[in-house]
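Colleague: Here you go, this is query37.txt (compact mmCIF, C-alpha atoms (C1' of nucleotides)).
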```txt
# COMPACT_ATOMS: atom_id res chain seq x y z
CA MET A 1 5.07 3.99 -10.24
CA SER A 2 1.42 5.00 -10.20
CA LEU A 3 1.33 8.50 -8.76
CA PRO A 4 3.01 10.21 -11.74
CA HIS A 5 0.52 8.54 -14.05
CA ALA A 6 -2.40 9.52 -11.87
CA ILE A 7 -1.17 13.10 -12.13
CA LEU A 8 -0.74 12.89 -15.91
CA THR A 9 -4.31 11.62 -16.22
CA ALA A 10 -5.64 14.42 -14.03
CA LEU A 11 -3.71 17.05 -15.97
CA LEU A 12 -4.93 15.72 -19.30
CA GLU A 13 -8.48 15.92 -18.04
CA LYS A 14 -7.76 19.52 -17.07
CA PRO A 15 -4.53 21.53 -16.62
CA SER A 16 -4.19 22.50 -12.97
CA SER A 17 -1.95 23.83 -10.25
CA GLY A 18 -0.57 21.75 -7.41
CA LEU A 19 -3.27 22.70 -4.97
CA GLU A 20 -6.04 22.14 -7.47
CA LEU A 21 -4.63 18.67 -8.09
CA THR A 22 -4.54 18.06 -4.35
CA ARG A 23 -8.22 18.91 -4.14
CA ARG A 24 -9.07 16.62 -7.03
CA PHE A 25 -7.10 13.83 -5.34
CA ASP A 26 -9.27 14.40 -2.29
CA LYS A 27 -12.33 13.81 -4.43
CA SER A 28 -12.79 11.53 -7.41
CA ILE A 29 -9.24 10.37 -8.07
CA GLY A 30 -8.66 9.79 -4.38
CA TYR A 31 -11.36 7.13 -4.39
CA PHE A 32 -8.73 4.73 -5.68
CA TRP A 33 -5.45 6.62 -5.34
CA SER A 34 -4.87 9.13 -2.58
CA ALA A 35 -1.98 11.56 -2.35
CA THR A 36 -0.98 14.50 -0.18
CA HIS A 37 0.08 17.87 -1.50
CA GLN A 38 3.72 17.19 -0.61
CA GLN A 39 3.79 14.10 -2.77
CA ILE A 40 2.09 15.97 -5.58
CA TYR A 41 4.50 18.91 -5.59
CA ARG A 42 7.48 16.56 -5.49
CA GLU A 43 6.09 14.56 -8.38
CA LEU A 44 5.23 17.67 -10.41
CA GLY A 45 8.85 18.73 -10.08
CA LYS A 46 10.09 15.38 -11.36
CA LEU A 47 7.61 15.27 -14.22
CA GLU A 48 8.65 18.74 -15.31
CA ALA A 49 12.34 17.86 -15.07
CA ASP A 50 11.67 14.78 -17.21
CA GLY A 51 9.95 16.86 -19.87
CA LEU A 52 6.56 15.16 -19.51
CA ILE A 53 4.71 18.29 -18.38
CA ARG A 54 5.41 22.02 -18.39
CA ALA A 55 4.33 25.01 -16.39
CA LEU A 56 1.85 27.17 -18.27
CA PRO A 57 3.62 30.37 -19.36
CA ALA A 58 2.91 33.10 -16.80
CA GLU A 59 6.43 33.96 -15.59
CA GLN A 60 5.97 33.42 -11.87
CA PRO A 61 9.19 32.21 -10.37
CA ALA A 62 8.31 32.44 -6.72
CA ARG A 63 6.59 30.81 -3.82
CA GLY A 64 3.01 31.64 -3.03
CA GLN A 65 2.29 32.18 -6.73
CA LYS A 66 -0.09 29.85 -8.44
CA LYS A 67 1.60 27.68 -11.04
CA SER A 68 -0.43 25.59 -13.50
CA TYR A 69 0.85 22.66 -15.53
CA GLU A 70 -0.13 21.02 -18.79
CA VAL A 71 0.89 17.67 -20.28
CA LEU A 72 3.41 17.60 -23.14
CA PRO A 73 3.22 15.02 -25.97
CA ALA A 74 5.95 12.96 -24.31
CA GLY A 75 3.77 12.82 -21.19
CA ARG A 76 0.75 11.59 -23.10
CA ASP A 77 2.88 8.92 -24.78
CA GLU A 78 4.25 7.77 -21.45
CA LEU A 79 0.75 7.55 -20.01
CA ALA A 80 -0.49 5.51 -22.98
CA ARG A 81 2.50 3.20 -22.64
CA TRP A 82 1.93 2.69 -18.92
CA THR A 83 -1.80 2.11 -19.36
CA ALA A 84 -1.23 -0.70 -21.83
CA ALA A 85 1.82 -2.27 -20.15
CA ALA A 86 1.44 -5.58 -18.33
CA GLN A 87 1.42 -5.17 -14.54
CA ASP A 88 0.97 -7.81 -11.91
CA PRO A 89 -1.99 -7.45 -9.59
CA ARG A 90 -1.09 -6.15 -6.16
CA PRO A 91 -1.52 -8.68 -3.39
CA MET A 92 -4.04 -7.41 -0.88
CA ARG A 93 -2.53 -5.64 2.05
CA ASP A 94 -4.93 -4.78 4.79
CA PRO A 95 -4.41 -4.69 8.54
CA LEU A 96 -7.96 -5.77 9.35
CA PRO A 97 -7.66 -9.50 8.53
CA LEU A 98 -4.30 -9.33 10.29
CA ARG A 99 -6.02 -8.09 13.43
CA LEU A 100 -8.50 -10.96 13.29
CA ARG A 101 -5.67 -13.41 13.02
CA ALA A 102 -3.91 -11.76 15.94
CA ALA A 103 -7.18 -11.89 17.89
CA ALA A 104 -7.21 -15.66 17.43
CA VAL A 105 -4.03 -15.65 19.54
CA VAL A 106 -4.35 -12.77 22.01
CA GLY A 107 -8.13 -12.59 22.31
CA THR A 108 -10.86 -10.50 20.73
CA THR A 109 -11.31 -7.99 23.55
CA GLY A 110 -11.98 -4.53 22.13
CA LEU A 111 -11.83 -5.55 18.50
CA GLU A 112 -15.56 -5.81 18.02
CA ALA A 113 -16.17 -2.11 18.64
CA ASP A 114 -13.72 -1.12 15.94
CA LEU A 115 -15.25 -3.57 13.48
CA ARG A 116 -18.59 -1.91 14.09
CA ARG A 117 -17.03 1.48 13.43
CA HIS A 118 -15.49 0.21 10.18
CA LEU A 119 -18.86 -1.14 9.11
CA GLU A 120 -20.42 2.27 9.60
CA LEU A 121 -17.67 4.03 7.67
CA HIS A 122 -17.92 1.62 4.76
CA GLU A 123 -21.69 1.92 4.71
CA ARG A 124 -21.37 5.68 4.53
CA GLN A 125 -18.82 5.47 1.72
CA LEU A 126 -21.02 3.05 -0.18
CA ALA A 127 -23.99 5.39 0.11
CA GLU A 128 -21.86 8.25 -1.21
CA TYR A 129 -20.74 6.23 -4.22
CA ARG A 130 -24.32 5.27 -5.00
CA GLU A 131 -25.28 8.94 -4.90
CA ILE A 132 -22.52 9.78 -7.34
CA GLU A 133 -23.61 6.96 -9.59
CA LYS A 134 -27.18 8.22 -9.65
CA ARG A 135 -26.03 11.77 -10.33
CA ASP A 136 -23.23 11.21 -12.86
CA PHE A 137 -24.32 8.09 -14.72
CA PRO A 138 -28.01 8.19 -15.50
CA PRO A 139 -29.24 5.55 -18.01
CA GLY A 140 -28.78 7.82 -21.03
CA LYS A 141 -25.07 8.58 -20.67
CA ASP A 142 -23.11 5.85 -22.37
CA GLY A 143 -20.29 7.23 -24.47
CA ALA A 144 -17.00 5.36 -24.38
CA GLU A 145 -15.47 7.64 -21.75
CA ASP A 146 -18.60 7.56 -19.61
CA ARG A 147 -18.62 3.79 -19.61
CA LEU A 148 -14.98 3.58 -18.56
CA ARG A 149 -15.47 6.05 -15.75
CA HIS A 150 -18.60 4.24 -14.68
CA LEU A 151 -16.57 1.02 -14.48
CA VAL A 152 -14.14 2.72 -12.16
CA LEU A 153 -16.96 3.85 -9.90
CA ARG A 154 -18.39 0.32 -10.04
CA ALA A 155 -15.12 -0.99 -8.63
CA GLY A 156 -15.53 1.39 -5.69
CA ILE A 157 -19.14 0.38 -5.12
CA ASP A 158 -18.41 -3.34 -5.34
CA LEU A 159 -15.43 -3.07 -3.02
CA GLU A 160 -17.41 -1.23 -0.38
CA THR A 161 -20.16 -3.80 -0.77
CA PHE A 162 -17.61 -6.52 -0.14
CA TRP A 163 -16.40 -4.82 3.04
CA THR A 164 -19.85 -4.19 4.47
CA GLN A 165 -20.88 -7.80 3.86
CA TRP A 166 -17.69 -9.24 5.25
CA LEU A 167 -17.83 -7.04 8.34
CA ARG A 168 -21.46 -7.97 8.99
CA HIS A 169 -20.48 -11.60 8.68
CA ALA A 170 -17.58 -11.11 11.07
CA LEU A 171 -19.73 -9.33 13.64
CA ALA A 172 -22.30 -12.10 13.47
CA GLU A 173 -19.56 -14.65 14.20
CA PHE A 174 -18.31 -12.56 17.10
CA ALA A 175 -21.80 -12.43 18.53
CA ASP A 176 -21.80 -16.15 19.22
CA LEU A 177 -18.16 -16.73 19.96
CA PRO A 178 -17.88 -18.61 23.29
CA GLY A 179 -15.30 -16.86 25.50
CA ARG A 180 -14.28 -13.32 24.66
CA GLY A 181 -10.82 -13.34 26.26
CA PRO A 182 -7.54 -14.78 24.93
CA ALA A 183 -8.03 -18.07 23.16
CA MET B 1 2.67 -0.12 11.71
CA SER B 2 1.41 -3.55 10.71
CA LEU B 3 4.48 -5.60 9.85
CA PRO B 4 5.83 -5.85 13.40
CA HIS B 5 2.42 -7.01 14.58
CA ALA B 6 2.18 -9.55 11.79
CA ILE B 7 5.53 -10.91 12.97
CA LEU B 8 4.46 -10.98 16.60
CA THR B 9 1.36 -12.95 15.64
CA ALA B 10 3.40 -15.42 13.60
CA LEU B 11 5.91 -15.88 16.41
CA LEU B 12 3.18 -16.46 18.97
CA GLU B 13 1.69 -19.11 16.73
CA LYS B 14 5.14 -20.70 16.62
CA PRO B 15 8.65 -19.43 17.48
CA SER B 16 10.69 -19.25 14.28
CA SER B 17 13.84 -18.00 12.62
CA GLY B 18 13.89 -15.23 10.02
CA LEU B 19 13.81 -17.55 7.05
CA GLU B 20 11.04 -19.66 8.51
CA LEU B 21 9.03 -16.48 8.98
CA THR B 22 9.76 -15.51 5.39
CA ARG B 23 8.35 -18.80 4.21
CA ARG B 24 5.25 -18.42 6.33
CA PHE B 25 4.77 -14.93 4.92
CA ASP B 26 4.91 -16.48 1.45
CA LYS B 27 2.05 -18.75 2.43
CA SER B 28 -0.86 -18.09 4.74
CA ILE B 29 0.08 -14.75 6.27
CA GLY B 30 1.12 -13.42 2.88
CA TYR B 31 -2.46 -13.79 1.66
CA PHE B 32 -3.19 -10.48 3.31
CA TRP B 33 0.23 -9.12 4.30
CA SER B 34 3.32 -9.81 2.23
CA ALA B 35 6.90 -9.13 3.29
CA THR B 36 10.37 -9.93 1.99
CA HIS B 37 13.12 -11.45 4.09
CA GLN B 38 14.97 -8.12 4.23
CA GLN B 39 11.99 -6.43 5.82
CA ILE B 40 11.58 -9.29 8.22
CA TYR B 41 15.19 -9.29 9.41
CA ARG B 42 15.12 -5.53 9.84
CA GLU B 43 11.92 -5.75 11.84
CA LEU B 44 13.19 -8.66 13.97
CA GLY B 45 16.15 -6.51 14.91
CA LYS B 46 13.91 -3.64 15.97
CA LEU B 47 11.54 -5.88 17.91
CA GLU B 48 14.46 -7.41 19.77
CA ALA B 49 15.96 -3.99 20.51
CA ASP B 50 12.57 -2.88 21.85
CA GLY B 51 12.39 -5.88 24.17
CA LEU B 52 9.26 -7.36 22.55
CA ILE B 53 10.93 -10.57 21.41
CA ARG B 54 14.16 -12.38 22.21
CA ALA B 55 16.43 -14.83 20.43
CA LEU B 56 16.11 -18.34 21.80
CA PRO B 57 19.21 -19.16 23.84
CA ALA B 58 21.68 -21.06 21.63
CA GLU B 59 24.69 -18.76 21.67
CA GLN B 60 25.15 -18.29 17.93
CA PRO B 61 26.56 -14.86 17.29
CA ALA B 62 27.32 -15.16 13.59
CA ARG B 63 25.94 -15.05 10.11
CA GLY B 64 24.73 -18.19 8.45
CA GLN B 65 23.65 -19.57 11.81
CA LYS B 66 19.99 -20.16 12.39
CA LYS B 67 18.53 -17.84 15.00
CA SER B 68 15.03 -18.40 16.38
CA TYR B 69 12.92 -15.87 18.23
CA GLU B 70 10.13 -16.05 20.75
CA VAL B 71 7.69 -13.38 21.95
CA LEU B 72 8.19 -11.81 25.38
CA PRO B 73 5.27 -10.75 27.60
CA ALA B 74 5.76 -7.12 26.54
CA GLY B 75 5.36 -8.25 22.94
CA ARG B 76 2.12 -10.06 23.65
CA ASP B 77 0.79 -7.00 25.45
CA GLU B 78 1.70 -4.76 22.56
CA LEU B 79 -0.02 -7.08 20.10
CA ALA B 80 -3.18 -7.17 22.23
CA ARG B 81 -3.14 -3.38 22.47
CA TRP B 82 -2.73 -2.96 18.70
CA THR B 83 -5.42 -5.50 17.90
CA ALA B 84 -8.00 -3.68 19.98
CA ALA B 85 -6.95 -0.11 19.09
CA ALA B 86 -9.15 1.94 16.76
CA GLN B 87 -7.68 2.24 13.29
CA ASP B 88 -9.12 3.95 10.25
CA PRO B 89 -9.83 1.80 7.22
CA ARG B 90 -7.24 2.18 4.49
CA PRO B 91 -8.53 3.87 1.38
CA MET B 92 -8.23 1.53 -1.56
CA ARG B 93 -5.09 2.00 -3.58
CA ASP B 94 -4.96 0.05 -6.77
CA PRO B 95 -3.45 0.96 -10.12
CA LEU B 96 -6.06 -0.94 -12.13
CA PRO B 97 -8.97 1.50 -11.84
CA LEU B 98 -6.39 4.21 -12.41
CA ARG B 99 -5.46 2.62 -15.71
CA LEU B 100 -9.10 2.49 -16.78
CA ARG B 101 -9.46 6.16 -16.01
CA ALA B 102 -6.29 6.89 -17.97
CA ALA B 103 -7.65 4.78 -20.83
CA ALA B 104 -10.69 7.06 -20.96
CA VAL B 105 -8.23 9.79 -21.95
CA VAL B 106 -5.46 8.11 -23.96
CA GLY B 107 -7.38 5.15 -25.39
CA THR B 108 -7.82 1.52 -24.45
CA THR B 109 -5.28 0.03 -26.86
CA GLY B 110 -3.45 -2.87 -25.24
CA LEU B 111 -5.25 -2.67 -21.92
CA GLU B 112 -7.74 -5.43 -22.66
CA ALA B 113 -5.05 -8.11 -22.87
CA ASP B 114 -3.75 -7.28 -19.43
CA LEU B 115 -7.25 -7.27 -17.95
CA ARG B 116 -7.71 -10.77 -19.31
CA ARG B 117 -4.43 -11.81 -17.70
CA HIS B 118 -5.52 -10.33 -14.37
CA LEU B 119 -8.79 -12.22 -14.60
CA GLU B 120 -6.93 -15.48 -15.04
CA LEU B 121 -4.61 -14.77 -12.11
CA HIS B 122 -7.50 -13.88 -9.82
CA GLU B 123 -9.43 -16.96 -10.89
CA ARG B 124 -6.44 -19.12 -10.05
CA GLN B 125 -6.02 -17.46 -6.66
CA LEU B 126 -9.70 -17.90 -5.92
CA ALA B 127 -9.52 -21.60 -6.77
CA GLU B 128 -6.55 -21.98 -4.44
CA TYR B 129 -8.37 -20.30 -1.56
CA ARG B 130 -11.38 -22.55 -2.08
CA GLU B 131 -9.10 -25.58 -1.92
CA ILE B 132 -7.64 -24.36 1.34
CA GLU B 133 -11.12 -23.75 2.70
CA LYS B 134 -12.19 -27.26 1.83
CA ARG B 135 -9.03 -28.74 3.36
CA ASP B 136 -8.67 -26.63 6.53
CA PHE B 137 -12.23 -25.77 7.44
CA PRO B 138 -14.50 -28.78 7.06
CA PRO B 139 -17.98 -28.42 8.63
CA GLY B 140 -16.95 -29.94 11.95
CA LYS B 141 -14.15 -27.55 12.88
CA ASP B 142 -15.62 -24.59 14.67
CA GLY B 143 -13.64 -23.63 17.73
CA ALA B 144 -13.14 -19.92 18.38
CA GLU B 145 -9.73 -19.80 16.73
CA ASP B 146 -10.89 -21.81 13.75
CA ARG B 147 -13.77 -19.45 13.18
CA LEU B 148 -11.56 -16.39 13.30
CA ARG B 149 -9.08 -17.89 10.88
CA HIS B 150 -11.91 -18.98 8.63
CA LEU B 151 -13.16 -15.38 8.58
CA VAL B 152 -9.74 -14.24 7.41
CA LEU B 153 -9.78 -16.76 4.58
CA ARG B 154 -13.34 -15.66 3.74
CA ALA B 155 -12.05 -12.13 3.22
CA GLY B 156 -9.55 -13.47 0.69
CA ILE B 157 -12.20 -15.51 -1.11
CA ASP B 158 -14.69 -12.66 -1.24
CA LEU B 159 -12.08 -10.20 -2.45
CA GLU B 160 -10.96 -12.49 -5.26
CA THR B 161 -14.61 -13.01 -6.12
CA PHE B 162 -15.04 -9.26 -6.35
CA TRP B 163 -12.08 -8.93 -8.70
CA THR B 164 -13.11 -11.73 -11.02
CA GLN B 165 -16.64 -10.35 -11.30
CA TRP B 166 -15.50 -6.80 -11.85
CA LEU B 167 -12.94 -7.83 -14.46
CA ARG B 168 -15.52 -9.90 -16.32
CA HIS B 169 -17.84 -6.93 -16.28
CA ALA B 170 -15.06 -4.66 -17.55
CA LEU B 171 -14.13 -7.03 -20.37
CA ALA B 172 -17.77 -7.26 -21.41
CA GLU B 173 -17.92 -3.48 -21.65
CA PHE B 174 -14.70 -3.38 -23.65
CA ALA B 175 -16.14 -5.90 -26.08
CA ASP B 176 -18.79 -3.48 -27.28
CA LEU B 177 -16.92 -0.22 -26.93
CA PRO B 178 -17.19 1.69 -30.24
CA GLY B 179 -13.71 2.91 -31.24
CA ARG B 180 -10.68 1.33 -29.60
CA GLY B 181 -8.25 4.24 -30.08
CA PRO B 182 -7.90 7.45 -28.02
CA ALA B 183 -11.26 8.78 -27.01
C1' DC C 1 36.60 -30.29 -1.82
C1' DT C 2 33.28 -27.94 -4.10
C1' DA C 3 28.64 -26.87 -5.73
C1' DG C 4 24.30 -25.83 -4.14
C1' DA C 5 21.04 -24.96 -0.65
C1' DC C 6 20.31 -22.69 3.63
C1' DA C 7 20.52 -18.60 6.38
C1' DT C 8 21.46 -13.92 7.80
C1' DG C 9 22.46 -9.69 6.68
C1' DT C 10 23.94 -4.50 4.12
C1' DA C 11 23.26 -0.75 0.93
C1' DA C 12 20.78 2.16 -1.84
C1' DC C 13 16.75 3.76 -3.42
C1' DG C 14 11.72 4.99 -4.09
C1' DA C 15 7.29 5.96 -2.21
C1' DG C 16 4.40 7.62 1.45
C1' DT C 17 3.75 10.37 5.89
C1' DT C 18 4.20 14.12 9.20
C1' DA C 19 5.67 18.41 10.65
C1' DC C 20 7.03 22.62 9.51
C1' DA C 21 8.50 26.99 6.66
C1' DT C 22 7.63 30.69 3.52
C1' DG C 23 5.48 33.88 0.45
C1' DA C 24 1.16 36.16 -1.61
C1' DT C 25 -3.61 37.83 -1.32
C1' DT C 26 -7.70 39.35 0.82
C1' DC C 27 -10.50 41.49 4.04
C1' DA C 28 -11.77 43.39 8.44
C1' DT D 1 -1.77 46.42 9.81
C1' DG D 2 -2.50 42.15 11.00
C1' DA D 3 -5.11 37.74 10.88
C1' DA D 4 -6.90 34.32 7.81
C1' DT D 5 -6.50 31.90 3.73
C1' DC D 6 -4.35 30.40 -0.41
C1' DA D 7 -0.38 28.34 -2.37
C1' DT D 8 4.15 26.32 -2.86
C1' DG D 9 7.70 24.16 -0.94
C1' DT D 10 11.66 21.65 2.62
C1' DA D 11 13.14 18.29 5.93
C1' DA D 12 13.12 14.20 8.30
C1' DC D 13 11.43 9.87 8.85
C1' DT D 14 9.26 5.13 7.98
C1' DC D 15 8.14 1.49 5.06
C1' DG D 16 8.81 -1.36 1.04
C1' DT D 17 11.78 -2.99 -2.91
C1' DT D 18 15.90 -4.45 -5.42
C1' DA D 19 20.42 -5.88 -5.66
C1' DC D 20 24.02 -7.69 -3.55
C1' DA D 21 27.35 -9.75 0.19
C1' DT D 22 28.67 -13.20 3.40
C1' DG D 23 28.83 -17.18 6.10
C1' DT D 24 27.34 -22.34 7.16
C1' DC D 25 25.95 -26.97 6.13
C1' DT D 26 25.40 -31.06 3.33
C1' DA D 27 25.61 -34.28 -0.51
C1' DG D 28 28.11 -36.12 -4.06
```
Any chance you could put this one into C-alpha cells?
Modeller:
Amino acid sequence: MSLPHAILTALLEKPSSGLELTRRFDKSIGYFWSATHQQIYRELGKLEADGLIRALPAEQPARGQKKSYEVLPAGRDELARWTAAAQDPRPMRDPLPLRLRAAAVVGTTGLEADLRRHLELHERQLAEYREIEKRDFPPGKDGAEDRLRHLVLRAGIDLETFWTQWLRHALAEFADLPGRGPA
Amino acid sequence: MSLPHAILTALLEKPSSGLELTRRFDKSIGYFWSATHQQIYRELGKLEADGLIRALPAEQPARGQKKSYEVLPAGRDELARWTAAAQDPRPMRDPLPLRLRAAAVVGTTGLEADLRRHLELHERQLAEYREIEKRDFPPGKDGAEDRLRHLVLRAGIDLETFWTQWLRHALAEFADLPGRGPA
DNA sequence: CTAGACATGTAACGAGTTACATGATTCA
DNA sequence: TGAATCATGTAACTCGTTACATGTCTAG
C-alpha cells in the first residue's frame, strides 16, 4: 500500500498528469520507490474513484489528451494518516546474497564478473547522489522541509555506500578463495 | 525469479519437505529472502513439473503426508546458470523514506514514534546477527563455503547497521525541527 | 476418542511487469 | 500526408499475501 501514497505526495508537491508523474518517478521519487506508467495510470484511476484526487477541470474525456490531477482534502488526510501509522519494517529481499549462498553450493564460476559490474553501478549511483546533495542541499538551506528531504537523500547515499563497501569486501574474499569451481 | 532458486539452494543443502523448507525460510534463508508456506508449495509444484526436483520415493499420494524433495541434475544446472548470470541490481524500495518525504508535505505528527520503534527492531535484529556471527563463524572457520556464508551474514549485519545509524540521525533531526505540524 | 500439532494444499486478491493498442499533436 | 513523439490506456501474466480447507499423527 505504498504506491498510492507516493502518488499523493507527488501530486501535493505539484499537480501533474500521468506521464509527468511517470517522469518524476524516474527521477527523485524513483530513488526509493519506482513505478511504471501502467501502474501509475491504474492507481490514478483508483484514487479518483475513491475520491482522494480529482482531474483538473478541462473537459477532456478522451485518450491522447493530457489529464492533470490534484489532491482533494480526503487525499491529504489519508496521506497524513498513512505517514503516521505504525508499519513494520520490510525484511530485506535481495537476490545478491542469495546468489552468494547458492555459489557456496554450486560454485562461484561467473559470479565474480557480475559482482564487479554491480560495484561499478553502485559507485556511479553513489556519485550521482553526492552531486545532487552538493547541488540541492548547500550548508545554508535548512528549513524543516529541506532537512526532511535531505534525510531521504542521506538514506540513498548511505545505502549505496553500504553496497559498494560490501561488494568490495566480497570481491576481496573471492580473490583469495582456493578453488573456483563447485565447493 | 529468485524464489525457485532459493528453494533449489535450500534443497541442495539438504533435501526437505515443504514445511521443513518453510521453517528454514523463517530462519537463515529468510534473513535475505522470506517466503510463506503457500508460496513454497506452489513453487515446489512448478519445480517438480519442470523436472528440476523430484519427490523422494515413498509412495504417499495424499494430503497430510510428509513429502520430501531432492534436486535433480537439471535443477543443479539451472541454479548454477542463474547464479552466474548477469542481473541488474534492484532499485531500493522502502516505504520509510517515502513517509519522510510525505511528512515534508503533510507534517511529521506521529511519525517520530514509529521511527523509534523501527530503531528498536533494527537494533534487536542487529544484535541477533552478531550473536549468530559469534556462534557460527569463529576465527578458525574459513573454508570456501564458510567464507561465502559469512559474507552473506555480513550483508545482513551491515544493512542493519545502516538502518540503525540512519534512524538515529533522523530522530536527532526531528528533535530540533521547529514546528511539528504540517510544513 | 478427541484435542492439538503437523503437514499439505486451494482460493481470492493485490501489486508489479511486459507487451501491446489507441488517439492527439507536431513537423518535415 | 505520414512519421515521430506525446499521452493515455488494456490485457495477460507472475509474484506475494491473506484466509481458509483438509487430512494425518500423537498424547492424554
Colleague: I'd like a table as a tab-separated table: residues in chain C with an atom no more than 8 Å from chain B, each row giving the shortest atom pair and its distance in Å to one decimal, all atoms listed in the file counted, sorted by chain and rising residue number.
Modeller:
```
residue	atom	partner	partner_atom	distance
C:DC6	C1'	B:Gly64	CA	7.9
C:DA7	C1'	B:Gly64	CA	4.7
C:DT8	C1'	B:Arg63	CA	5.2
C:DG9	C1'	B:Arg63	CA	7.3
```
Colleague: Any idea which chain D residues end up within 9 Å of chain A if we count all atoms listed in the file, as a list of chain:residue names please?
Modeller: D:DC6, D:DA7, D:DT8, D:DG9
Colleague: Within 10 Å of DA21 of chain C, counting all atoms listed in the file, which residues qualify if same-chain residues fewer than 2 places away don't, as a PyMOL selection string?
Modeller: (chain C and resi 19+23) or (chain D and resi 9-11)
Colleague: Counting all atoms listed in the file, I want the residues whose atoms come within 10 Å of (-2.2, -18.8, 20.8) in the file frame, returned as a PyMOL selection string.
Modeller: (chain A and resi 102-107+182-183) or (chain B and resi 9-14+145)
Colleague: Here is a test: counting only C-alpha atoms, which residue of A:Gly110, A:Pro57, A:Gly75, A:Pro139 is nearest to chain B?
Modeller: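 Ranking A:Gly110, A:Pro57, A:Gly75, A:Pro139 by distance to chain B, first place goes to A:Gly110.
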Colleague: Taking only C-alpha atoms into account, name the residue in A:Pro89, A:Gly45, A:Pro15, A:Gly51 that is nearest to chain B.
Modeller: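 Ranked by minimum distance to chain B, first place goes to A:Pro89.
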Colleague: Take atom CA of Ser68 of chain B and atom CA of Leu21 of chain B and report the distance between them in Å, one decimal.
Modeller: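 These atoms are spaced 9.7 Å apart.
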Colleague: Could you build a table of the residues in chain A lying no more than 8 Å from chain B, giving for each the nearest pair of atoms and their separation in Å rounded to one decimal place, using all atoms listed in the file, ordered by chain and ascending residue number, as CSV?
Modeller:
```
residue,atom,partner,partner_atom,distance
A:Ser2,CA,B:Pro95,CA,6.3
A:Ala6,CA,B:Leu98,CA,6.7
A:Thr9,CA,B:Ala102,CA,5.4
A:Leu12,CA,B:Val105,CA,7.3
A:Glu13,CA,B:Val105,CA,7.3
A:Tyr31,CA,B:Met92,CA,7.0
A:Phe32,CA,B:Arg93,CA,5.0
A:Trp33,CA,B:Arg93,CA,5.0
A:Ser34,CA,B:Arg93,CA,7.2
A:Arg76,CA,B:Val106,CA,7.2
A:Leu79,CA,B:Ala102,CA,7.4
A:Ala80,CA,B:Val106,CA,5.7
A:Thr83,CA,B:Arg99,CA,5.2
A:Ala84,CA,B:Leu111,CA,4.5
A:Ala85,CA,B:Leu111,CA,7.3
A:Ala86,CA,B:Asp114,CA,5.6
A:Gln87,CA,B:Asp114,CA,7.4
A:Asp88,CA,B:His118,CA,7.4
A:Pro89,CA,B:His118,CA,6.6
A:Arg90,CA,B:Asp94,CA,7.3
A:Pro91,CA,B:Phe32,CA,7.1
A:Met92,CA,B:Phe32,CA,5.3
A:Arg93,CA,B:Trp33,CA,5.0
A:Asp94,CA,B:Phe32,CA,6.1
A:Pro95,CA,B:Ser2,CA,6.3
A:Pro97,CA,B:Val152,CA,5.3
A:Leu98,CA,B:Ala6,CA,6.7
A:Arg99,CA,B:Thr83,CA,5.2
A:Leu100,CA,B:Leu148,CA,6.2
A:Arg101,CA,B:Arg149,CA,6.0
A:Ala102,CA,B:Thr9,CA,5.4
A:Ala103,CA,B:Thr83,CA,6.6
A:Ala104,CA,B:Glu145,CA,4.9
A:Val105,CA,B:Thr9,CA,7.2
A:Val106,CA,B:Ala80,CA,5.7
A:Gly107,CA,B:Ala80,CA,7.3
A:Thr108,CA,B:Ala84,CA,7.4
A:Thr109,CA,B:Ala84,CA,6.5
A:Gly110,CA,B:Ala84,CA,4.6
A:Leu111,CA,B:Ala84,CA,4.5
A:Asp114,CA,B:Ala86,CA,5.6
A:His118,CA,B:Pro89,CA,6.6
A:Ala144,CA,B:Leu177,CA,6.1
A:Glu145,CA,B:Ala104,CA,4.9
A:Arg147,CA,B:Glu173,CA,7.6
A:Leu148,CA,B:Ala104,CA,6.0
A:Arg149,CA,B:Arg101,CA,6.0
A:Leu151,CA,B:Ala170,CA,6.6
A:Val152,CA,B:Pro97,CA,5.3
A:Arg154,CA,B:Trp166,CA,7.9
A:Ala155,CA,B:Trp166,CA,6.7
A:Asp158,CA,B:Phe162,CA,6.9
A:Leu159,CA,B:Phe162,CA,7.0
A:Phe162,CA,B:Asp158,CA,6.9
A:Trp166,CA,B:Ala155,CA,6.7
A:Ala170,CA,B:Leu151,CA,6.6
A:Glu173,CA,B:Arg147,CA,7.6
A:Leu177,CA,B:Ala144,CA,6.2
A:Pro178,CA,B:Ala144,CA,6.9
A:Ala183,CA,B:Glu145,CA,6.9
```
Colleague: If you measure from atom CA of Val71 of chain A to atom CA of Glu43 of chain A, what distance in Å do you get, rounded to one decimal?
Modeller: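 Here the two named atoms are 13.4 Å from each other.
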Colleague: Within 10 Å of segment 14-22 of chain D, which residues of chain C come that close, and what is the closest atom pair and distance in Å for each? Count all atoms listed in the file and give it as JSON lines.
Modeller:
```
{"residue": "C:DT8", "atom": "C1'", "partner": "D:DT22", "partner_atom": "C1'", "distance": 8.5}
{"residue": "C:DG9", "atom": "C1'", "partner": "D:DT22", "partner_atom": "C1'", "distance": 7.9}
{"residue": "C:DT10", "atom": "C1'", "partner": "D:DA21", "partner_atom": "C1'", "distance": 7.4}
{"residue": "C:DA11", "atom": "C1'", "partner": "D:DC20", "partner_atom": "C1'", "distance": 8.3}
{"residue": "C:DA12", "atom": "C1'", "partner": "D:DA19", "partner_atom": "C1'", "distance": 8.9}
{"residue": "C:DC13", "atom": "C1'", "partner": "D:DT17", "partner_atom": "C1'", "distance": 8.4}
{"residue": "C:DG14", "atom": "C1'", "partner": "D:DT17", "partner_atom": "C1'", "distance": 8.1}
{"residue": "C:DA15", "atom": "C1'", "partner": "D:DG16", "partner_atom": "C1'", "distance": 8.2}
{"residue": "C:DG16", "atom": "C1'", "partner": "D:DC15", "partner_atom": "C1'", "distance": 8.0}
{"residue": "C:DT17", "atom": "C1'", "partner": "D:DT14", "partner_atom": "C1'", "distance": 7.9}
```
Colleague: Show which residues sit within 12 Å of DT26 of chain D, as a count of residues only. Count only C-alpha atoms (C1' of nucleotides), and ignore same-chain residues fewer than 4 positions away.
Modeller: 5
Colleague: Rank D:DG23, D:DG28, D:DA12, D:DG2 by their smallest atom-to-atom distance to DC20 of chain C, using all atoms listed in the file, and report the top residue only.
Modeller: D:DA12
Colleague: Find the distance between atom CA of Ser16 of chain A and atom CA of Tyr69 of chain A and write it in Å to one decimal.
Modeller: 5.7 Å
